[in-house]
Amino acid sequence: MDLDISSYLSKAIETYKSPSQIARKVTESWARDNLYCPRCGLHLHPYKDNTEVYDFYCSHRSKRLLLLSYDKDDFQLKSMKSFPRNRFPNRIIGAEYYTTIRSLELGAFPSLILLHYSLREKEVKDGLFIHRLSFNRNNIVRRKALSQLAIRNNWVGSEIILDAVPDLGKIPMISDSEILPKEEVMYRWAAVESILKGDLERRSWIGDMLLVIDRLPSTFSLEDAYSFQHFFERNHPGNRHIKEKIRQQLQILRDRGYLRFVGRGRYQKDTALSPQVLP
Ligand SMILES: [Zn+2]
């Protein structure tokens, strides 16, 4: 992986005029040549322009995974030239709202690749994979229609709320112009797949529990988790057994290796999987 984008930039400037087209071309071709699939480690393949809603895919045809799986992962690239307050944005623009919700329900929602680049420094500065399993309905909100045309055509835009994605699902591969070890990225990707298993409904409970745990210290009690009861009630209206569900999610997260019971009703996070935990 090489963070230098100067050759891509000079090529794109020859063909394109608009700054947004140039930026799109630069980051797309850089990603094609430099990024790897976080699951199997091979190069990502680009979809042909305008044929798919996704940008890249991988069929995981490495020798190690060949016998395990033939399925395919899709990725969508979101590139941005500036970050608010020097961190990844809290929310990004998604596709049409109902199409997006349907793709979530069908399990076709792609993993995201967020790239932060600087045209002035001719360099990719930050990069983040967001695993598709870490998205649920609570991450997607409707946008207000911005034009009369959109209103007439019943077109509803969406926003993807990245703040509502648990830390587990956000896996940096480049941070502040530094390339992070590929093994670490792949280890964390595999951890998401073993922890966020199940259908959309089950995953949304686990995802909400992970979000709560992100806000708790590295060791916490059952009471600490219960103090977020209102959050669960809001996200799962009509459920009358919230405390029971909270206990169940903690149990699942223990069984899947994300948490440990450390006695006297206390839980401890696996710090290898949550590098952003509070001290
Ligand atoms: Zn792969």
# chains A, B, ... in the order shown; residues from 1 in each chain; ligands from 1
>>> closest_atom_pairs(of="segment 10-99 of chain A", to="segment 138-146 of chain A", cutoff="10 Å", atoms="only C-alpha atoms", output="Markdown table")
| residue | atom | partner | partner_atom | distance |
| --- | --- | --- | --- | --- |
| A:Arg91 | CA | A:Asn139 | CA | 9.2 |
| A:Ile92 | CA | A:Ile140 | CA | 9.9 |
| A:Ile93 | CA | A:Arg143 | CA | 8.9 |
| A:Gly94 | CA | A:Ile140 | CA | 8.1 |
| A:Ala95 | CA | A:Ile140 | CA | 9.9 |
| A:Glu96 | CA | A:Arg142 | CA | 8.8 |
| A:Tyr97 | CA | A:Arg142 | CA | 6.1 |
| A:Tyr98 | CA | A:Arg142 | CA | 8.9 |
>>> residues_near_ligand(ligand="ligand 1", cutoff="7 Å", atoms="only C-alpha atoms and all ligand atoms", output="list in words")
Cys37, Pro38, Arg39, Cys40, Gly41, Leu42, Cys58, Ser59, His60 and Arg61 of chain A
>>> write_last_selection(atoms="C-alpha atoms", output="PDB file, in the first residue's frame")
ATOM      1  CA  CYS A  37     -10.139  -7.162   1.203  1.00  0.00           C
ATOM      2  CA  PRO A  38     -10.238  -7.132   5.013  1.00  0.00           C
ATOM      3  CA  ARG A  39     -11.559 -10.686   5.051  1.00  0.00           C
ATOM      4  CA  CYS A  40      -9.083 -12.571   2.848  1.00  0.00           C
ATOM      5  CA  GLY A  41      -6.360 -10.005   2.242  1.00  0.00           C
ATOM      6  CA  LEU A  42      -6.502 -10.094  -1.583  1.00  0.00           C
ATOM      7  CA  CYS A  58     -14.190  -9.650  -3.328  1.00  0.00           C
ATOM      8  CA  SER A  59     -15.031 -13.316  -3.864  1.00  0.00           C
ATOM      9  CA  HIS A  60     -12.358 -14.415  -1.346  1.00  0.00           C
ATOM     10  CA  ARG A  61     -10.609 -16.809  -3.689  1.00  0.00           C
TER      11      ARG A  61
END
>>> atom_distance(atom1="atom CA of Leu119 of chain A", atom2="atom CA of Ser158 of chain A")
27.9 Å
>>> select_by_dssp(residues="segment 15-137 of chain A", states="helix (DSSP H, G or I)", output="ChimeraX atom specification")
/A:15,19-34,84-86,97-105,132-134,137
>>> write_last_selection(atoms="C-alpha atoms", output="short mmCIF file (atom, residue, chain, number, x, y, z; two decimals), in the first residue's frame")
data_model
loop_
_atom_site.label_atom_id
_atom_site.label_comp_id
_atom_site.auth_asym_id
_atom_site.auth_seq_id
_atom_site.Cartn_x
_atom_site.Cartn_y
_atom_site.Cartn_z
CA THR A 15 -9.42 13.57 -18.42
CA PRO A 19 -13.09 18.87 -8.97
CA SER A 20 -15.61 16.33 -7.67
CA GLN A 21 -15.10 14.06 -10.70
CA ILE A 22 -11.32 14.33 -10.32
CA ALA A 23 -11.51 13.47 -6.63
CA ARG A 24 -13.82 10.53 -7.35
CA LYS A 25 -11.51 9.16 -10.05
CA VAL A 26 -8.38 9.59 -7.93
CA THR A 27 -9.74 7.83 -4.85
CA GLU A 28 -11.40 5.08 -6.88
CA SER A 29 -8.27 4.18 -8.79
CA TRP A 30 -6.11 4.53 -5.70
CA ALA A 31 -8.42 2.16 -3.80
CA ARG A 32 -8.42 -0.36 -6.67
CA ASP A 33 -4.61 -0.53 -6.70
CA ASN A 34 -3.91 -0.24 -2.99
CA PRO A 84 -14.96 17.84 10.74
CA ARG A 85 -12.88 18.34 13.92
CA ASN A 86 -10.21 15.98 12.59
CA TYR A 97 -34.11 5.67 1.92
CA TYR A 98 -36.51 2.80 1.13
CA THR A 99 -34.01 1.10 -1.19
CA THR A 100 -31.43 1.30 1.58
CA ILE A 101 -33.75 -0.19 4.21
CA ARG A 102 -34.70 -2.97 1.81
CA SER A 103 -31.05 -3.77 1.10
CA LEU A 104 -30.47 -4.03 4.88
CA GLU A 105 -33.40 -6.43 5.22
CA ARG A 132 -21.82 -4.39 6.85
CA LEU A 133 -22.95 -6.54 9.82
CA SER A 134 -22.63 -3.56 12.13
CA ARG A 137 -32.31 0.11 10.87
#
>>> residues_around(residues="Phe88 of chain A", least_positions_apart="4", cutoff="10 Å", atoms="only C-alpha atoms", output="VMD selection string")
chain A and resid 80 82 to 84 92 114 to 116 126 to 128 162 to 163
>>> write_last_selection(atoms="N, CA and C atoms", output="short mmCIF file (atom, residue, chain, number, x, y, z; two decimals), in the first residue's frame")
data_model
loop_
_atom_site.label_atom_id
_atom_site.label_comp_id
_atom_site.auth_asym_id
_atom_site.auth_seq_id
_atom_site.Cartn_x
_atom_site.Cartn_y
_atom_site.Cartn_z
N MET A 80 -13.66 11.58 1.18
CA MET A 80 -13.90 12.96 1.64
C MET A 80 -12.59 13.68 1.81
N SER A 82 -12.13 16.50 3.63
CA SER A 82 -11.86 17.10 4.93
C SER A 82 -12.69 16.40 5.98
N PHE A 83 -12.20 16.46 7.19
CA PHE A 83 -12.90 15.85 8.30
C PHE A 83 -13.35 16.95 9.25
N PRO A 84 -14.59 16.88 9.71
CA PRO A 84 -14.96 17.84 10.74
C PRO A 84 -14.20 17.51 12.03
N ILE A 92 -23.06 10.30 7.19
CA ILE A 92 -22.74 10.51 5.78
C ILE A 92 -24.01 10.30 4.95
N LEU A 114 -14.32 4.28 4.06
CA LEU A 114 -14.22 5.73 4.16
C LEU A 114 -12.77 6.14 3.95
N LEU A 115 -12.54 7.02 2.99
CA LEU A 115 -11.19 7.49 2.75
C LEU A 115 -11.13 8.99 2.93
N HIS A 116 -10.15 9.43 3.65
CA HIS A 116 -9.89 10.86 3.83
C HIS A 116 -8.58 11.17 3.12
N ASP A 126 -6.42 9.11 5.99
CA ASP A 126 -7.08 8.16 6.89
C ASP A 126 -7.96 7.22 6.08
N GLY A 127 -8.12 6.02 6.59
CA GLY A 127 -8.99 5.06 5.93
C GLY A 127 -9.65 4.16 6.96
N LEU A 128 -10.92 3.86 6.70
CA LEU A 128 -11.69 3.09 7.68
C LEU A 128 -12.59 2.12 6.94
N LEU A 162 -23.13 7.28 11.53
CA LEU A 162 -21.95 6.49 11.90
C LEU A 162 -21.74 6.46 13.41
N ASP A 163 -22.24 7.48 14.10
CA ASP A 163 -22.17 7.48 15.57
C ASP A 163 -22.92 6.31 16.17
#
>>> atom_distance(atom1="atom CA of Ser18 of chain A", atom2="atom CA of Gln76 of chain A")
21.6 Å
>>> closest_residue(among="A:Ser6, A:Gln268, A:Ser227, A:Ser194", to="Leu250 of chain A", atoms="only C-alpha atoms")
A:Gln268
>>> select_by_dssp(residues="segment 28-110 of chain A", states="strand (DSSP E or B)", output="PyMOL selection string")
chain A and resi 36+43+45-46+56-58+73-80+91-93
